[in-house]
Amino acid sequence: MRKALYQITTAARATRQQIDLFTGLIAGRGVRVVRGARPRIGFQCYSRHHANFFQTLLRRLAKRDDIEFELLFLSHPHFSAGERAAVADYIASDLGLETSQMLSVAQRYWASFDLVLYPDTFARLLPRSGLNVLLYHGMGTPKRYTERAFYRRHAYDFDHVMAASDLDRETLEGRRPPGSKTTIHAPGSVIFDRLPAARADVRDYLEKLGLKSDQRLVLYAPHWTRLTCANEGHVHSIRQALEALVALGLQVILKLHAHSYNRAANLGRDWLATVRPWLSDRIQLDIDLDDVPALTLADVVVTDVSSRGIVAAMLGKPVIQYLDTALPALGRDDVSLEAACYDLLNTLSEHAATAGELQTRVREALSGTISARHRLQASTGIPNDGAATDRIIAIVEALLAK
């Protein structure tokens with residue numbers, strides 16, 4: 001019943017959004033907005049999550065006097081109509097950008113852009129964009145990047161792709177369809193560019209969550225595929241993991257994916273209401289969009305198949321992959337990551353299949369028995385030098401200069 005309601009709601013939102021887009025396109029058809037003397041760059045997104053992830057890039061582009069920069073909002077069928085206002089509030093309050101810099105895709109569909117950046121394959125490619133560039137907003141290549149679907153493009157529809165690592169570039173090259181002319185770059189992930197600021201804000205972050213700085217901290221970050229399941233067994237598994245960690249005398253930050261609070265994307269489940277009864281002075285829920293503070297502070301990171309495990313390993317954190325045997329198995333063909341990226345996560349992680357094994361692995365990690373897997377960084381080709389934003393901007397400048 002829940003799944004059927006989810007599908008009906010999603011279809012209704014998608015139909016409404018298509019009507020809104022069509023109406024906007026017709027209204028703006030006769031208005032041709034041409035390029036000015038400065039290059040015009042757009043950033044198209046459908047959620048606050050994207051604006052948060054690429055905040056270093058957005059701030060720098062918005063402050064440049066030698067370009068015209070616009071943020072373009074695209075409605076998504078898994079998000080309510082209020083998401084646009086939420087994005088506008090976020091860029092104004094958290095990023096310090098002018099809300100006048102954000103317009104809907106329908107409003108700017110016929111405008112001329114020199115280059116448009118897209119943080120996801122759910123995208124509306126603009127017909128008068130000189131170059132369309134796909135950005136990776138996480139570590140690892142999602143399967144949706146190589147599989148076209150309704151409402152989604154794939155990576156090879158874009159002129160250029162900014163991959164997060166050499167592994168991602170190799171993955172895309174290996175799946176490249178015949179005739180594709182997409183150029184694939186590997187500037188790295190901007191998530192590493194904010195680490196210095198995150199370390200400086202440690203005390204404020206812990207105080208906000210009500211946690212203590214002198215006690216060990218575990219970050220539990222399950223992947224969104226677990227959170228979209230209607231099976232109550234998944235809820236029980238997450239709670240059981242939290243109880244097992246607290247039983248070790250540890251503080252725990254529960255960090256769900258940013259989209260997990262979006263009921264339309266989770267078969268109607270209200271995860272905030274679900275997890276609130278579990279919270280205590282030992283278990284705190286971090287609902288902030290930003291993963292960086294929690295990843296920076298954690299002594300150990302527990303996940304299942306989330307690419308946040310890869311990020312944590314690159315930060316030198318012990319990573320434990322907890323796949324509860326009481327739940328349906330997740331193999332290489334069942335997760336959203338491409339096989340090579342899933343294999344990398346497995347390689348970077350220790351493994352636990354029961355709550356008891358999870359406790360054992362965590363004890364080993366805290367005692368130093370499990371060494372941090374960041375020694376594999378060189379072989380995985382994942383730069384974490386904090387300069388990904390610089391490299392992306394350098395590539396954009398080179399493209400605009402051609």
# chains A, B, ... in the order shown; residues from 1 in each chain; ligands from 1
>>> residues_around(residues="Arg216 (chain A)", least_positions_apart="3", cutoff="9 Å", atoms="only C-alpha atoms", output="PyMOL selection string")
chain A and resi 212-213+249-252+298-300+366
>>> select_by_dssp(residues="region 31-130 of chain A", states="helix (DSSP H, G or I)", output="PyMOL selection string")
chain A and resi 48-53+55-62+83-93+99-101+105-108
>>> closest_residue(among="A:His76, A:Arg361, A:His49, A:Arg108", to="Tyr90 (chain A)", atoms="only C-alpha atoms")
A:His49
>>> closest_residue(among="A:Gly356, A:Pro119, A:Gly309, A:Gly188", to="Leu248 (chain A)", atoms="only C-alpha atoms")
A:Gly356
>>> residues_around(residues="Lys208 (chain A)", least_positions_apart="4", cutoff="10 Å", atoms="only C-alpha atoms", output="mmCIF file with C-alpha atoms, in the first residue's frame")
data_model
loop_
_atom_site.group_PDB
_atom_site.id
_atom_site.type_symbol
_atom_site.label_atom_id
_atom_site.label_comp_id
_atom_site.auth_asym_id
_atom_site.auth_seq_id
_atom_site.Cartn_x
_atom_site.Cartn_y
_atom_site.Cartn_z
ATOM 1 C CA ARG A 203 33.553 22.795 19.367
ATOM 2 C CA ASP A 204 30.486 24.573 17.960
ATOM 3 C CA ASP A 286 22.704 15.305 12.692
#
>>> residues_around(residues="Ile41 (chain A)", least_positions_apart="5", cutoff="7 Å", atoms="only C-alpha atoms", output="list in words")
Glu68, Phe69, Glu70, Phe113, Asp114, Leu115 and Val116 of chain A
>>> select_by_dssp(residues="region 67-249 of chain A", states="strand (DSSP E)", output="NGL selection string")
:A and (68-73 or 102-104 or 113-118 or 129-135 or 160-162 or 183-185 or 217-220)
>>> write_last_selection(atoms="N, CA and C atoms", output="mmCIF file, in the first residue's frame")
data_model
loop_
_atom_site.group_PDB
_atom_site.id
_atom_site.type_symbol
_atom_site.label_atom_id
_atom_site.label_comp_id
_atom_site.auth_asym_id
_atom_site.auth_seq_id
_atom_site.Cartn_x
_atom_site.Cartn_y
_atom_site.Cartn_z
ATOM 1 N N GLU A 68 29.034 36.277 -15.586
ATOM 2 C CA GLU A 68 27.666 36.358 -15.087
ATOM 3 C C GLU A 68 27.311 34.964 -14.571
ATOM 4 N N PHE A 69 26.909 34.881 -13.303
ATOM 5 C CA PHE A 69 26.617 33.577 -12.710
ATOM 6 C C PHE A 69 25.162 33.520 -12.276
ATOM 7 N N GLU A 70 24.482 32.410 -12.607
ATOM 8 C CA GLU A 70 23.093 32.220 -12.208
ATOM 9 C C GLU A 70 22.895 30.804 -11.686
ATOM 10 N N LEU A 71 22.106 30.676 -10.625
ATOM 11 C CA LEU A 71 21.722 29.372 -10.107
ATOM 12 C C LEU A 71 20.330 29.059 -10.639
ATOM 13 N N LEU A 72 20.180 27.912 -11.270
ATOM 14 C CA LEU A 72 18.934 27.538 -11.945
ATOM 15 C C LEU A 72 18.266 26.394 -11.190
ATOM 16 N N PHE A 73 17.039 26.604 -10.742
ATOM 17 C CA PHE A 73 16.337 25.579 -9.972
ATOM 18 C C PHE A 73 15.465 24.734 -10.887
ATOM 19 N N MET A 102 19.111 33.320 -8.401
ATOM 20 C CA MET A 102 18.466 32.028 -8.619
ATOM 21 C C MET A 102 17.141 32.205 -9.337
ATOM 22 N N LEU A 103 16.980 31.528 -10.453
ATOM 23 C CA LEU A 103 15.752 31.526 -11.232
ATOM 24 C C LEU A 103 15.395 30.089 -11.571
ATOM 25 N N SER A 104 14.172 29.849 -11.995
ATOM 26 C CA SER A 104 13.786 28.495 -12.373
ATOM 27 C C SER A 104 14.301 28.177 -13.771
ATOM 28 N N PHE A 113 23.649 30.561 -22.566
ATOM 29 C CA PHE A 113 24.702 30.354 -21.579
ATOM 30 C C PHE A 113 25.963 29.879 -22.287
ATOM 31 N N ASP A 114 27.087 30.340 -21.811
ATOM 32 C CA ASP A 114 28.345 29.817 -22.331
ATOM 33 C C ASP A 114 28.614 28.423 -21.789
ATOM 34 N N LEU A 115 28.201 28.206 -20.532
ATOM 35 C CA LEU A 115 28.465 26.913 -19.895
ATOM 36 C C LEU A 115 27.473 26.730 -18.742
ATOM 37 N N VAL A 116 26.946 25.510 -18.613
ATOM 38 C CA VAL A 116 26.054 25.187 -17.502
ATOM 39 C C VAL A 116 26.612 23.969 -16.773
ATOM 40 N N LEU A 117 26.672 24.079 -15.437
ATOM 41 C CA LEU A 117 27.139 23.005 -14.575
ATOM 42 C C LEU A 117 25.935 22.264 -13.999
ATOM 43 N N TYR A 118 25.995 20.935 -14.003
ATOM 44 C CA TYR A 118 24.892 20.108 -13.507
ATOM 45 C C TYR A 118 25.442 19.146 -12.443
ATOM 46 N N SER A 129 22.843 26.441 -24.405
ATOM 47 C CA SER A 129 24.058 26.366 -23.599
ATOM 48 C C SER A 129 25.205 25.946 -24.503
ATOM 49 N N GLY A 130 26.289 26.700 -24.460
ATOM 50 C CA GLY A 130 27.438 26.343 -25.281
ATOM 51 C C GLY A 130 28.029 25.011 -24.868
ATOM 52 N N LEU A 131 28.180 24.792 -23.555
ATOM 53 C CA LEU A 131 28.735 23.551 -23.025
ATOM 54 C C LEU A 131 27.926 23.094 -21.817
ATOM 55 N N ASN A 132 27.644 21.812 -21.757
ATOM 56 C CA ASN A 132 26.961 21.222 -20.616
ATOM 57 C C ASN A 132 27.953 20.327 -19.873
ATOM 58 N N VAL A 133 28.140 20.613 -18.561
ATOM 59 C CA VAL A 133 29.188 19.946 -17.790
ATOM 60 C C VAL A 133 28.574 19.263 -16.568
ATOM 61 N N LEU A 134 28.786 17.954 -16.454
ATOM 62 C CA LEU A 134 28.289 17.186 -15.318
ATOM 63 C C LEU A 134 29.340 17.156 -14.210
ATOM 64 N N LEU A 135 28.910 17.454 -12.978
ATOM 65 C CA LEU A 135 29.776 17.406 -11.803
ATOM 66 C C LEU A 135 29.434 16.181 -10.960
ATOM 67 N N HIS A 160 31.165 17.559 -21.112
ATOM 68 C CA HIS A 160 32.287 17.276 -20.223
ATOM 69 C C HIS A 160 31.762 16.711 -18.913
ATOM 70 N N VAL A 161 32.579 15.879 -18.260
ATOM 71 C CA VAL A 161 32.253 15.340 -16.940
ATOM 72 C C VAL A 161 33.435 15.602 -16.028
ATOM 73 N N MET A 162 33.145 16.122 -14.821
ATOM 74 C CA MET A 162 34.162 16.342 -13.790
ATOM 75 C C MET A 162 34.052 15.208 -12.769
ATOM 76 N N THR A 183 34.107 14.456 -22.938
ATOM 77 C CA THR A 183 35.454 14.521 -22.366
ATOM 78 C C THR A 183 35.353 14.354 -20.853
ATOM 79 N N ILE A 184 36.145 13.450 -20.305
ATOM 80 C CA ILE A 184 36.065 13.139 -18.876
ATOM 81 C C ILE A 184 37.323 13.622 -18.168
ATOM 82 N N HIS A 185 37.137 14.473 -17.177
ATOM 83 C CA HIS A 185 38.221 15.010 -16.356
ATOM 84 C C HIS A 185 38.133 14.374 -14.966
ATOM 85 N N LEU A 217 33.842 8.936 19.480
ATOM 86 C CA LEU A 217 32.674 9.258 18.658
ATOM 87 C C LEU A 217 32.619 8.348 17.437
ATOM 88 N N VAL A 218 31.452 7.753 17.206
ATOM 89 C CA VAL A 218 31.220 6.915 16.028
ATOM 90 C C VAL A 218 30.177 7.579 15.146
ATOM 91 N N LEU A 219 30.452 7.647 13.877
ATOM 92 C CA LEU A 219 29.475 8.139 12.908
ATOM 93 C C LEU A 219 28.824 6.936 12.241
ATOM 94 N N TYR A 220 27.495 6.857 12.336
ATOM 95 C CA TYR A 220 26.749 5.801 11.647
ATOM 96 C C TYR A 220 25.986 6.453 10.506
#
>>> atom_distance(atom1="CA of Ile67 (chain A)", atom2="CA of Arg38 (chain A)")
5.1 Å
>>> atom_distance(atom1="CA of Ser165 (chain A)", atom2="CA of Gly140 (chain A)")
8.0 Å
>>> atom_distance(atom1="CA of Thr182 (chain A)", atom2="CA of Glu170 (chain A)")
13.2 Å
>>> residues_around(residues="region 348-354 of chain A", least_positions_apart="3", cutoff="8 Å", atoms="only C-alpha atoms", output="list in words")
Gly309, Ile310, Ala313, Pro318, Val319, Ile320, Gln321, Tyr322, Leu323, Asp324, Thr325, Leu344, Leu345, Glu357, Leu358, Arg361, Arg373 and Leu376 of chain A
>>> closest_residue(among="A:Gly42, A:Thr56, A:Ala340, A:Asp304", to="Ala111 (chain A)", atoms="only C-alpha atoms")
A:Gly42
